[in-house]
Amino acid sequence: MITVLNCEISSRSLTLIKSVAVRKVYVGKMTTLSPLSANNATSGTLSVVDGVFVFEGDVLISTVERLNIGTGLAEAIDLSRVKRLDTAGAWAVVSLERRLKSAGLFPSITGTSQMQADLIETLRQNMPEADQHNIRHLTLADRFEAIGRLAVSSVQKAMALVGFLGQVVATIMGLIVRPSRIRWTAIVHHMQQVGLNAVPIVSLMAFLIGVVLAFQGAAQLRQFGAEVFVVDLIAISILRELGILLTAIIVAGRSGSAFTAAIGSMKMREEIDAMRTLGLDPVEVLVVPRVVALIIMLPVLGVIANLAGLVGGAMMSWIELGVSPGVFQSRLASNTGVWHLGVGMLKAPFFALIIGIVGCFEGMQVKGNAESLGHLTSTSVVLSIFLVITADAMFSIFFAVMGV
Amino acid sequence: MLDDPIISVRGLVTRFGKHTVHDGLDLDVQRGEIIGIVGGSGTGKSVLLHAVVGLLKPAAGQITVFGENVRDTGADDYRRLRKRWGVMFQDGALFSSLNVQQNVEAPMREQLDLSPATRAALAAIKVRMVGLPENALQKMPSELSGGMRKRAGFARAIALDPEIVFLDEPTAGLDPIGAAAFDTLTAQLRRALGLTVFLVTHDLDSLHAICDRIAVLAEGRVLATGTMAQMQDIDHPWVQAYFKGPRARAALAQKEAS
């Protein structure tokens, strides 16, 4: 047993082994020295009798704090009346011994069984010399440093994201030159995942938005007797902004997070590294099909959302304002320019690119542990929604300046 | 030594769907011993551990620990029972949001009413007892190597000075030096704290080095129990292959040489 010891275990453990190896029949004593039975524990006590510290009863973790080891001076510590002693109890004994030593005394510990002596010896070797309570408090400089680090890391992340975008675009260009390398199966698979499977949720969401717009718009417009303008309100807001924006947000939450989780777990299981060693480019195999599928499918989902929103709005206008579907349709055709639809649809591929790039980029950032996977998945959703809305605002300004 | 067993399993049956893992398994563990549970993959070693500590409801059978039935205890009884054992899962199973010190303090914090200073002092002792350096206290589990995580998991398992420690494959994935160190550590702490150790392992070196008895799981039951030497004489193809294979001979040779 002792000979296995040529390793990590340090010298203090060696002494521990020596100290216990003397006693070979410890198993027999075990029954009488049950270390910690939570039931029927009698509280241990410490008293000073005739210049001797006397521990009594069960000196266990549950009662050790009630012992007063901080006061009194004596030359000896007696454990003969201790019934049970656990690590915490031994800690109290050794703490007391250390305090007495530091007061210039040479205390002796008597009345221990072999097992208790071993335990106390183990504690002597494993107890840190002094309680180190060096918890640093944050200074003002630390806080500024944290802000600085955050700023620098944000900029670095933005650069890395743009770099990743460039890598993906370059790979797509390479694939256009050599179309035989395009992975059609993967693209179609992801088109189904991000597009077809999202149709129910996207259309329900847009339908309800149309209903809400009609309902709220009607309440306001009725005050002016301008109920029929609710058609313009619904058509313009849905076609131009809400249809595609809310679709993008739903897709970011649904597919962007799925991209991060899928690529991230592959990264965790070293599948990405395995791909590289086999000469496969992870960007070409994993990222491009996802991004391309999203660029194709997000405009389609946008059209579906527009339709569902208009249906919802028309239905609510009919119920609430008595605007019949026929009137709604003719007013829609006459008063709403086709550019409203055009503006909305123009934004869709850009939103798709943002969601796809961010989702895959965050997946590639995952490190070995599961915690970073969860963290980055939520980061991916938040970041892509944030970037989509930012892009939408910039598009609004752009189109306003252009007068579209 | 030969008084009532500290763990007693009778007629244990566990099933997952239609797949029967244990079919009438009996096992006794004596106080103060290190028992090694071995068996091929899928013979339900870890399942047995989970059943004994009450994480899994068996389909039938009786499991008593400290003479108390684990299966049909109330919440309070179970909590009291749970204080008296510690479990180290594969790879430590440290709480990833807490640092090592907080991990080791977690059982003390939940079960006892101790002051923060006492908790910190006791946690520091336990962490040193399992052979981790002092600076490991403030580290997060993700910053530790596999071997250190296992040690920290061990420190958490012995935080309340339990009577039984359950170890699930403690040496799996460690290099031979780290594995031998962990074996030594287990034996040391068993002596220092008077532990009973329930050790699920594949490691022949561990079996040689520290186990008092070995229980072989196969065909849904305990095929045999006995010392390492007795295992050599058991006439069963799997046992023969396991204890007389090339790796077993190597482990034996190493043991004899040392």
# chains A, B, ... in the order shown; residues from 1 in each chain; ligands from 1
>>> select_by_dssp(residues="stretch 30-130 of chain B", states="strand (DSSP E)", output="number ranges by chain")
B: 34-39, 60-65, 68-69, 85-88
>>> residues_around(residues="B:Ser46", least_positions_apart="3", cutoff="7 Å", atoms="only C-alpha atoms", output="JSON, numbers by chain")
{"B": [49, 50, 168, 200]}
>>> residues_around(residues="B:Ala218", least_positions_apart="6", cutoff="12 Å", atoms="only C-alpha atoms", output="list of chain:residue names")
B:Val21, B:His22, B:Asp23, B:Gly24, B:Leu25, B:Ile37, B:Val38, B:Gly39, B:Gly40, B:Ser41, B:Gly42, B:Thr43, B:Gly44, B:Lys45, B:Ala224, B:Thr225, B:His236, B:Pro237, B:Trp238, B:Val239, B:Tyr242
>>> write_last_selection(atoms="N, CA and C atoms", output="PDB file, in the first residue's frame")
ATOM      1  N   VAL B  21     -32.176  -4.702 -15.828  1.00  0.00           N
ATOM      2  CA  VAL B  21     -30.764  -4.516 -15.510  1.00  0.00           C
ATOM      3  C   VAL B  21     -30.353  -5.453 -14.374  1.00  0.00           C
ATOM      4  N   HIS B  22     -31.086  -5.377 -13.274  1.00  0.00           N
ATOM      5  CA  HIS B  22     -30.809  -6.269 -12.146  1.00  0.00           C
ATOM      6  C   HIS B  22     -31.993  -7.208 -11.976  1.00  0.00           C
ATOM      7  N   ASP B  23     -31.704  -8.472 -11.749  1.00  0.00           N
ATOM      8  CA  ASP B  23     -32.781  -9.440 -11.601  1.00  0.00           C
ATOM      9  C   ASP B  23     -32.524 -10.245 -10.332  1.00  0.00           C
ATOM     10  N   GLY B  24     -32.990  -9.731  -9.215  1.00  0.00           N
ATOM     11  CA  GLY B  24     -32.796 -10.436  -7.953  1.00  0.00           C
ATOM     12  C   GLY B  24     -31.384 -10.342  -7.434  1.00  0.00           C
ATOM     13  N   LEU B  25     -30.886  -9.124  -7.316  1.00  0.00           N
ATOM     14  CA  LEU B  25     -29.494  -8.921  -6.893  1.00  0.00           C
ATOM     15  C   LEU B  25     -29.393  -8.834  -5.371  1.00  0.00           C
ATOM     16  N   ILE B  37     -16.988  -2.736  -6.926  1.00  0.00           N
ATOM     17  CA  ILE B  37     -18.037  -3.311  -7.765  1.00  0.00           C
ATOM     18  C   ILE B  37     -17.510  -3.337  -9.198  1.00  0.00           C
ATOM     19  N   VAL B  38     -17.377  -4.521  -9.759  1.00  0.00           N
ATOM     20  CA  VAL B  38     -16.916  -4.605 -11.149  1.00  0.00           C
ATOM     21  C   VAL B  38     -17.968  -5.310 -11.991  1.00  0.00           C
ATOM     22  N   GLY B  39     -17.833  -5.166 -13.287  1.00  0.00           N
ATOM     23  CA  GLY B  39     -18.763  -5.812 -14.211  1.00  0.00           C
ATOM     24  C   GLY B  39     -18.579  -5.201 -15.580  1.00  0.00           C
ATOM     25  N   GLY B  40     -19.032  -5.918 -16.598  1.00  0.00           N
ATOM     26  CA  GLY B  40     -18.889  -5.406 -17.949  1.00  0.00           C
ATOM     27  C   GLY B  40     -19.745  -4.172 -18.146  1.00  0.00           C
ATOM     28  N   SER B  41     -19.557  -3.519 -19.299  1.00  0.00           N
ATOM     29  CA  SER B  41     -20.379  -2.342 -19.582  1.00  0.00           C
ATOM     30  C   SER B  41     -21.837  -2.762 -19.677  1.00  0.00           C
ATOM     31  N   GLY B  42     -22.702  -1.983 -19.075  1.00  0.00           N
ATOM     32  CA  GLY B  42     -24.129  -2.276 -19.174  1.00  0.00           C
ATOM     33  C   GLY B  42     -24.630  -3.311 -18.191  1.00  0.00           C
ATOM     34  N   THR B  43     -23.791  -3.715 -17.219  1.00  0.00           N
ATOM     35  CA  THR B  43     -24.280  -4.669 -16.232  1.00  0.00           C
ATOM     36  C   THR B  43     -24.913  -3.960 -15.039  1.00  0.00           C
ATOM     37  N   GLY B  44     -24.954  -2.653 -15.088  1.00  0.00           N
ATOM     38  CA  GLY B  44     -25.705  -1.918 -14.070  1.00  0.00           C
ATOM     39  C   GLY B  44     -24.930  -1.612 -12.811  1.00  0.00           C
ATOM     40  N   LYS B  45     -23.638  -1.324 -12.932  1.00  0.00           N
ATOM     41  CA  LYS B  45     -22.858  -0.949 -11.749  1.00  0.00           C
ATOM     42  C   LYS B  45     -23.307   0.409 -11.237  1.00  0.00           C
ATOM     43  N   ALA B 224     -20.287 -13.123  -7.854  1.00  0.00           N
ATOM     44  CA  ALA B 224     -19.385 -13.615  -6.821  1.00  0.00           C
ATOM     45  C   ALA B 224     -18.880 -12.442  -6.005  1.00  0.00           C
ATOM     46  N   THR B 225     -18.573 -12.708  -4.740  1.00  0.00           N
ATOM     47  CA  THR B 225     -17.858 -11.703  -3.959  1.00  0.00           C
ATOM     48  C   THR B 225     -16.660 -12.399  -3.335  1.00  0.00           C
ATOM     49  N   HIS B 236     -15.958 -18.854 -14.164  1.00  0.00           N
ATOM     50  CA  HIS B 236     -16.994 -18.235 -14.982  1.00  0.00           C
ATOM     51  C   HIS B 236     -16.251 -17.545 -16.120  1.00  0.00           C
ATOM     52  N   PRO B 237     -16.721 -17.687 -17.355  1.00  0.00           N
ATOM     53  CA  PRO B 237     -15.923 -17.152 -18.478  1.00  0.00           C
ATOM     54  C   PRO B 237     -15.613 -15.662 -18.341  1.00  0.00           C
ATOM     55  N   TRP B 238     -16.610 -14.861 -17.945  1.00  0.00           N
ATOM     56  CA  TRP B 238     -16.362 -13.430 -17.871  1.00  0.00           C
ATOM     57  C   TRP B 238     -15.351 -13.108 -16.772  1.00  0.00           C
ATOM     58  N   VAL B 239     -15.543 -13.753 -15.621  1.00  0.00           N
ATOM     59  CA  VAL B 239     -14.632 -13.498 -14.496  1.00  0.00           C
ATOM     60  C   VAL B 239     -13.214 -13.921 -14.871  1.00  0.00           C
ATOM     61  N   TYR B 242     -11.807 -11.406 -17.210  1.00  0.00           N
ATOM     62  CA  TYR B 242     -11.544 -10.114 -16.569  1.00  0.00           C
ATOM     63  C   TYR B 242     -10.299 -10.194 -15.687  1.00  0.00           C
TER      64      TYR B 242
END
>>> interface_residues(of="chain B", to="chain A", cutoff="9 Å", atoms="only C-alpha atoms", output="number ranges by chain")
B: 1, 3, 31-33, 80-81, 83-84, 96-97, 112-115, 117-118, 120-122, 124-129, 131, 134, 142, 160-163, 177-178, 180-185, 187-188, 191-195, 209-210, 258
>>> write_last_selection(atoms="N, CA and C atoms", output="short mmCIF file (atom, residue, chain, number, x, y, z; two decimals), in the first residue's frame")
data_model
loop_
_atom_site.label_atom_id
_atom_site.label_comp_id
_atom_site.auth_asym_id
_atom_site.auth_seq_id
_atom_site.Cartn_x
_atom_site.Cartn_y
_atom_site.Cartn_z
N MET B 1 -16.51 -6.86 13.12
CA MET B 1 -16.44 -6.93 11.66
C MET B 1 -17.65 -7.66 11.10
N ASP B 3 -20.63 -7.97 12.20
CA ASP B 3 -21.97 -7.60 12.70
C ASP B 3 -22.84 -7.26 11.49
N ARG B 31 -19.22 -2.73 7.47
CA ARG B 31 -18.71 -1.45 7.91
C ARG B 31 -17.18 -1.41 7.83
N GLY B 32 -16.64 -0.35 7.30
CA GLY B 32 -15.20 -0.15 7.30
C GLY B 32 -14.45 -0.77 6.14
N GLU B 33 -15.15 -1.46 5.25
CA GLU B 33 -14.41 -2.08 4.16
C GLU B 33 -14.48 -1.22 2.89
N ARG B 80 -32.11 12.75 6.75
CA ARG B 80 -31.23 12.38 7.85
C ARG B 80 -30.25 11.29 7.39
N LEU B 81 -30.79 10.35 6.61
CA LEU B 81 -29.97 9.27 6.09
C LEU B 81 -28.89 9.81 5.16
N LYS B 83 -27.39 12.58 5.10
CA LYS B 83 -26.27 13.25 5.76
C LYS B 83 -25.16 12.29 6.08
N ARG B 84 -25.50 11.00 6.17
CA ARG B 84 -24.51 10.05 6.65
C ARG B 84 -23.76 9.36 5.52
N SER B 96 -21.29 23.89 -11.38
CA SER B 96 -20.40 24.67 -12.24
C SER B 96 -20.47 26.16 -11.93
N SER B 97 -21.52 26.60 -11.24
CA SER B 97 -21.61 28.04 -10.97
C SER B 97 -20.93 28.42 -9.66
N LEU B 112 -26.33 22.18 7.96
CA LEU B 112 -25.96 22.60 9.30
C LEU B 112 -25.99 24.12 9.39
N ASP B 113 -26.00 24.59 10.61
CA ASP B 113 -26.03 26.03 10.82
C ASP B 113 -24.67 26.47 11.35
N LEU B 114 -23.73 26.66 10.44
CA LEU B 114 -22.37 27.01 10.85
C LEU B 114 -22.08 28.45 10.44
N SER B 115 -21.14 29.07 11.14
CA SER B 115 -20.75 30.41 10.75
C SER B 115 -19.87 30.33 9.49
N ALA B 117 -17.06 31.59 8.81
CA ALA B 117 -15.64 31.39 9.07
C ALA B 117 -15.35 29.91 9.34
N THR B 118 -16.21 29.26 10.13
CA THR B 118 -16.01 27.83 10.42
C THR B 118 -16.12 27.01 9.15
N ALA B 120 -15.57 27.98 6.12
CA ALA B 120 -14.41 28.20 5.26
C ALA B 120 -13.22 27.42 5.78
N ALA B 121 -13.03 27.40 7.11
CA ALA B 121 -11.89 26.69 7.68
C ALA B 121 -12.01 25.19 7.41
N LEU B 122 -13.23 24.64 7.60
CA LEU B 122 -13.42 23.21 7.39
C LEU B 122 -13.26 22.86 5.90
N ALA B 124 -11.40 24.40 3.77
CA ALA B 124 -9.97 24.46 3.44
C ALA B 124 -9.28 23.18 3.87
N ILE B 125 -9.68 22.64 5.04
CA ILE B 125 -9.07 21.40 5.51
C ILE B 125 -9.41 20.24 4.57
N LYS B 126 -10.69 20.14 4.22
CA LYS B 126 -11.10 19.02 3.35
C LYS B 126 -10.39 19.10 2.00
N VAL B 127 -10.26 20.31 1.49
CA VAL B 127 -9.62 20.46 0.18
C VAL B 127 -8.15 20.04 0.27
N ARG B 128 -7.51 20.37 1.39
CA ARG B 128 -6.11 19.92 1.53
C ARG B 128 -6.02 18.44 1.77
N MET B 129 -7.01 17.88 2.46
CA MET B 129 -6.99 16.44 2.72
C MET B 129 -7.07 15.64 1.42
N GLY B 131 -5.69 16.50 -1.22
CA GLY B 131 -4.47 16.71 -1.97
C GLY B 131 -4.54 17.80 -3.01
N GLU B 134 -3.77 24.88 -2.12
CA GLU B 134 -4.61 25.90 -1.48
C GLU B 134 -5.28 26.82 -2.49
N SER B 142 -14.60 24.71 -14.10
CA SER B 142 -14.14 24.66 -15.49
C SER B 142 -12.66 24.95 -15.60
N LEU B 160 -19.16 16.37 5.20
CA LEU B 160 -19.88 16.21 6.46
C LEU B 160 -19.41 14.99 7.25
N ASP B 161 -18.19 14.52 6.98
CA ASP B 161 -17.68 13.31 7.61
C ASP B 161 -18.68 12.17 7.53
N PRO B 162 -18.99 11.72 6.33
CA PRO B 162 -19.99 10.66 6.20
C PRO B 162 -19.42 9.32 6.66
N GLU B 163 -20.31 8.35 6.85
CA GLU B 163 -19.84 7.02 7.21
C GLU B 163 -19.56 6.19 5.97
N ILE B 177 -0.46 7.71 -12.97
CA ILE B 177 0.06 8.34 -11.75
C ILE B 177 -1.08 8.96 -10.96
N GLY B 178 -1.94 9.68 -11.66
CA GLY B 178 -3.09 10.30 -11.01
C GLY B 178 -4.01 9.26 -10.42
N ALA B 180 -3.20 6.19 -9.40
CA ALA B 180 -2.58 5.59 -8.22
C ALA B 180 -2.68 6.55 -7.04
N ALA B 181 -2.49 7.85 -7.32
CA ALA B 181 -2.60 8.84 -6.25
C ALA B 181 -4.00 8.86 -5.68
N PHE B 182 -4.99 8.70 -6.55
CA PHE B 182 -6.37 8.72 -6.07
C PHE B 182 -6.65 7.49 -5.21
N ASP B 183 -6.10 6.34 -5.63
CA ASP B 183 -6.26 5.12 -4.83
C ASP B 183 -5.67 5.33 -3.44
N THR B 184 -4.44 5.87 -3.42
CA THR B 184 -3.78 6.10 -2.14
C THR B 184 -4.61 7.01 -1.27
N LEU B 185 -5.15 8.05 -1.90
CA LEU B 185 -5.98 9.02 -1.19
C LEU B 185 -7.20 8.34 -0.59
N ALA B 187 -7.57 5.22 0.25
CA ALA B 187 -7.18 4.37 1.36
C ALA B 187 -6.86 5.20 2.60
N GLN B 188 -6.14 6.32 2.38
CA GLN B 188 -5.79 7.21 3.49
C GLN B 188 -7.01 7.75 4.21
N ARG B 191 -8.87 5.38 6.30
CA ARG B 191 -8.26 5.17 7.61
C ARG B 191 -8.48 6.37 8.52
N ALA B 192 -8.27 7.55 7.97
CA ALA B 192 -8.34 8.75 8.82
C ALA B 192 -9.77 9.00 9.28
N LEU B 193 -10.74 8.75 8.43
CA LEU B 193 -12.12 9.11 8.77
C LEU B 193 -12.99 7.90 9.06
N GLY B 194 -12.41 6.70 8.98
CA GLY B 194 -13.20 5.51 9.25
C GLY B 194 -14.31 5.28 8.26
N LEU B 195 -14.01 5.48 6.98
CA LEU B 195 -15.05 5.40 5.96
C LEU B 195 -15.32 3.96 5.54
N ALA B 209 -5.05 -2.62 -5.45
CA ALA B 209 -4.37 -1.77 -4.47
C ALA B 209 -5.19 -1.56 -3.21
N ILE B 210 -6.48 -1.30 -3.34
CA ILE B 210 -7.19 -0.84 -2.14
C ILE B 210 -8.41 -1.64 -1.74
N SER B 258 5.95 -4.62 -6.56
CA SER B 258 6.07 -3.46 -5.66
C SER B 258 6.18 -3.87 -4.20
#
>>> residues_around(residues="stretch 67-81 of chain A", least_positions_apart="2", cutoff="12 Å", atoms="only C-alpha atoms", output="PyMOL selection string")
chain A and resi 43-65+83-85+88-114+116-117+120
>>> atom_distance(atom1="atom CA of A:Gly174", atom2="atom CA of A:Phe351")
22.5 Å
>>> closest_residue(among="A:Ser384, A:Gln220, A:Thr185, A:Ser378", to="A:Phe350", atoms="only C-alpha atoms")
A:Ser384
>>> residues_around(residues="A:Val388", least_positions_apart="3", cutoff="12 Å", atoms="only C-alpha atoms", output="NGL selection string")
:A and (241 or 244-253 or 256 or 347-358 or 380-385 or 391-395)
>>> write_last_selection(atoms="N, CA and C atoms", output="mmCIF file, in the first residue's frame")
data_model
loop_
_atom_site.group_PDB
_atom_site.id
_atom_site.type_symbol
_atom_site.label_atom_id
_atom_site.label_comp_id
_atom_site.auth_asym_id
_atom_site.auth_seq_id
_atom_site.Cartn_x
_atom_site.Cartn_y
_atom_site.Cartn_z
ATOM 1 N N GLU A 241 -42.900 47.175 -42.328
ATOM 2 C CA GLU A 241 -42.075 46.945 -41.139
ATOM 3 C C GLU A 241 -42.372 45.636 -40.407
ATOM 4 N N ILE A 244 -41.941 41.595 -41.687
ATOM 5 C CA ILE A 244 -40.610 41.022 -41.827
ATOM 6 C C ILE A 244 -39.805 41.123 -40.532
ATOM 7 N N LEU A 245 -39.998 42.214 -39.795
ATOM 8 C CA LEU A 245 -39.223 42.385 -38.559
ATOM 9 C C LEU A 245 -39.585 41.308 -37.538
ATOM 10 N N LEU A 246 -40.893 41.117 -37.342
ATOM 11 C CA LEU A 246 -41.284 40.122 -36.339
ATOM 12 C C LEU A 246 -40.946 38.706 -36.806
ATOM 13 N N THR A 247 -41.044 38.468 -38.111
ATOM 14 C CA THR A 247 -40.616 37.162 -38.623
ATOM 15 C C THR A 247 -39.136 36.937 -38.319
ATOM 16 N N ALA A 248 -38.339 37.981 -38.565
ATOM 17 C CA ALA A 248 -36.903 37.859 -38.306
ATOM 18 C C ALA A 248 -36.644 37.591 -36.830
ATOM 19 N N ILE A 249 -37.416 38.256 -35.961
ATOM 20 C CA ILE A 249 -37.196 38.050 -34.523
ATOM 21 C C ILE A 249 -37.555 36.620 -34.132
ATOM 22 N N ILE A 250 -38.675 36.124 -34.671
ATOM 23 C CA ILE A 250 -39.064 34.743 -34.355
ATOM 24 C C ILE A 250 -38.016 33.764 -34.887
ATOM 25 N N VAL A 251 -37.546 34.005 -36.102
ATOM 26 C CA VAL A 251 -36.555 33.093 -36.689
ATOM 27 C C VAL A 251 -35.241 33.156 -35.909
ATOM 28 N N ALA A 252 -34.888 34.358 -35.435
ATOM 29 C CA ALA A 252 -33.668 34.470 -34.631
ATOM 30 C C ALA A 252 -33.795 33.630 -33.370
ATOM 31 N N GLY A 253 -34.953 33.710 -32.730
ATOM 32 C CA GLY A 253 -35.143 32.939 -31.512
ATOM 33 C C GLY A 253 -35.224 31.449 -31.780
ATOM 34 N N GLY A 256 -31.773 30.779 -35.069
ATOM 35 C CA GLY A 256 -30.456 31.279 -34.682
ATOM 36 C C GLY A 256 -29.928 30.522 -33.485
ATOM 37 N N LYS A 347 -35.399 43.982 -47.215
ATOM 38 C CA LYS A 347 -34.660 43.850 -45.959
ATOM 39 C C LYS A 347 -34.445 42.384 -45.584
ATOM 40 N N ALA A 348 -35.346 41.511 -46.075
ATOM 41 C CA ALA A 348 -35.345 40.119 -45.599
ATOM 42 C C ALA A 348 -33.993 39.410 -45.744
ATOM 43 N N PRO A 349 -33.336 39.442 -46.912
ATOM 44 C CA PRO A 349 -32.067 38.707 -47.018
ATOM 45 C C PRO A 349 -30.994 39.229 -46.072
ATOM 46 N N PHE A 350 -31.014 40.534 -45.830
ATOM 47 C CA PHE A 350 -30.014 41.086 -44.898
ATOM 48 C C PHE A 350 -30.254 40.587 -43.478
ATOM 49 N N PHE A 351 -31.527 40.576 -43.079
ATOM 50 C CA PHE A 351 -31.838 40.036 -41.750
ATOM 51 C C PHE A 351 -31.415 38.573 -41.672
ATOM 52 N N ALA A 352 -31.693 37.842 -42.752
ATOM 53 C CA ALA A 352 -31.327 36.418 -42.763
ATOM 54 C C ALA A 352 -29.826 36.246 -42.602
ATOM 55 N N LEU A 353 -29.056 37.084 -43.304
ATOM 56 C CA LEU A 353 -27.610 37.008 -43.212
ATOM 57 C C LEU A 353 -27.150 37.278 -41.783
ATOM 58 N N ILE A 354 -27.740 38.312 -41.161
ATOM 59 C CA ILE A 354 -27.363 38.648 -39.784
ATOM 60 C C ILE A 354 -27.633 37.465 -38.850
ATOM 61 N N ILE A 355 -28.853 36.917 -38.943
ATOM 62 C CA ILE A 355 -29.222 35.825 -38.026
ATOM 63 C C ILE A 355 -28.319 34.609 -38.245
ATOM 64 N N GLY A 356 -28.107 34.263 -39.517
ATOM 65 C CA GLY A 356 -27.302 33.081 -39.819
ATOM 66 C C GLY A 356 -25.861 33.246 -39.379
ATOM 67 N N ILE A 357 -25.275 34.409 -39.692
ATOM 68 C CA ILE A 357 -23.870 34.639 -39.336
ATOM 69 C C ILE A 357 -23.694 34.656 -37.821
ATOM 70 N N VAL A 358 -24.557 35.384 -37.131
ATOM 71 C CA VAL A 358 -24.411 35.474 -35.668
ATOM 72 C C VAL A 358 -24.601 34.098 -35.035
ATOM 73 N N SER A 380 -26.345 34.549 -28.572
ATOM 74 C CA SER A 380 -26.623 34.534 -30.008
ATOM 75 C C SER A 380 -28.005 35.111 -30.299
ATOM 76 N N VAL A 381 -29.006 34.725 -29.533
ATOM 77 C CA VAL A 381 -30.366 35.222 -29.774
ATOM 78 C C VAL A 381 -30.437 36.727 -29.506
ATOM 79 N N VAL A 382 -29.887 37.128 -28.372
ATOM 80 C CA VAL A 382 -29.951 38.548 -28.018
ATOM 81 C C VAL A 382 -29.220 39.396 -29.052
ATOM 82 N N LEU A 383 -28.012 38.950 -29.414
ATOM 83 C CA LEU A 383 -27.208 39.728 -30.350
ATOM 84 C C LEU A 383 -27.870 39.796 -31.721
ATOM 85 N N SER A 384 -28.423 38.669 -32.193
ATOM 86 C CA SER A 384 -28.998 38.725 -33.544
ATOM 87 C C SER A 384 -30.265 39.579 -33.559
ATOM 88 N N ILE A 385 -31.088 39.518 -32.507
ATOM 89 C CA ILE A 385 -32.274 40.379 -32.476
ATOM 90 C C ILE A 385 -31.854 41.840 -32.422
ATOM 91 N N ALA A 391 -30.308 47.149 -37.799
ATOM 92 C CA ALA A 391 -30.304 47.199 -39.261
ATOM 93 C C ALA A 391 -31.630 47.771 -39.775
ATOM 94 N N ASP A 392 -32.716 47.370 -39.124
ATOM 95 C CA ASP A 392 -34.025 47.864 -39.540
ATOM 96 C C ASP A 392 -34.102 49.381 -39.407
ATOM 97 N N ALA A 393 -33.576 49.894 -38.296
ATOM 98 C CA ALA A 393 -33.576 51.348 -38.093
ATOM 99 C C ALA A 393 -32.761 52.027 -39.184
ATOM 100 N N MET A 394 -31.624 51.453 -39.529
ATOM 101 C CA MET A 394 -30.779 52.062 -40.565
ATOM 102 C C MET A 394 -31.472 52.012 -41.923
ATOM 103 N N PHE A 395 -32.159 50.907 -42.203
ATOM 104 C CA PHE A 395 -32.920 50.830 -43.442
ATOM 105 C C PHE A 395 -33.998 51.919 -43.487
#
>>> residues_around(residues="A:Val291", least_positions_apart="2", cutoff="12 Å", atoms="only C-alpha atoms", output="NGL selection string")
:A and (165 or 168-169 or 171-172 or 186-188 or 190-191 or 194 or 255-256 or 259 or 283-289 or 293-298 or 349-361)
>>> residues_around(residues="B:Leu27", least_positions_apart="3", cutoff="8 Å", atoms="only C-alpha atoms", output="PyMOL selection string")
chain B and resi 7-10+222
>>> write_last_selection(atoms="N, CA and C atoms", output="CSV table (one decimal), in the first residue's frame")
chain,number,residue,atom,x,y,z
B,7,ILE,N,-24.6,-1.8,4.4
B,7,ILE,CA,-25.5,-1.7,3.3
B,7,ILE,C,-25.9,-3.1,3.0
B,8,SER,N,-27.2,-3.3,2.8
B,8,SER,CA,-27.7,-4.6,2.5
B,8,SER,C,-28.8,-4.5,1.4
B,9,VAL,N,-28.5,-5.2,0.3
B,9,VAL,CA,-29.4,-5.2,-0.8
B,9,VAL,C,-30.0,-6.6,-1.0
B,10,ARG,N,-31.3,-6.7,-1.1
B,10,ARG,CA,-32.0,-8.0,-1.2
B,10,ARG,C,-32.9,-8.0,-2.3
B,222,VAL,N,-25.2,-10.4,-8.5
B,222,VAL,CA,-23.8,-10.5,-8.0
B,222,VAL,C,-23.4,-11.9,-8.2
>>> atom_distance(atom1="atom CA of B:Asn103", atom2="atom CA of B:Leu137")
9.3 Å
>>> decode(residues="stretch 81-99 of chain B", atoms="C-alpha atoms", output="mmCIF file, in the first residue's frame")
data_model
loop_
_atom_site.group_PDB
_atom_site.id
_atom_site.type_symbol
_atom_site.label_atom_id
_atom_site.label_comp_id
_atom_site.auth_asym_id
_atom_site.auth_seq_id
_atom_site.Cartn_x
_atom_site.Cartn_y
_atom_site.Cartn_z
ATOM 1 C CA LEU B 81 -29.973 9.272 6.093
ATOM 2 C CA ARG B 82 -28.428 11.300 3.309
ATOM 3 C CA LYS B 83 -26.272 13.252 5.763
ATOM 4 C CA ARG B 84 -24.505 10.045 6.653
ATOM 5 C CA TRP B 85 -23.218 9.234 3.189
ATOM 6 C CA GLY B 86 -21.376 11.121 0.491
ATOM 7 C CA VAL B 87 -21.424 10.464 -3.229
ATOM 8 C CA MET B 88 -18.755 11.283 -5.767
ATOM 9 C CA PHE B 89 -20.073 11.036 -9.282
ATOM 10 C CA GLN B 90 -18.008 10.419 -12.376
ATOM 11 C CA ASP B 91 -16.076 13.566 -13.227
ATOM 12 C CA GLY B 92 -16.878 15.089 -9.847
ATOM 13 C CA ALA B 93 -20.277 16.590 -10.720
ATOM 14 C CA LEU B 94 -19.247 19.882 -9.136
ATOM 15 C CA PHE B 95 -21.759 22.696 -9.320
ATOM 16 C CA SER B 96 -20.402 24.671 -12.240
ATOM 17 C CA SER B 97 -21.606 28.039 -10.973
ATOM 18 C CA LEU B 98 -19.769 27.722 -7.653
ATOM 19 C CA ASN B 99 -16.045 27.698 -6.973
#
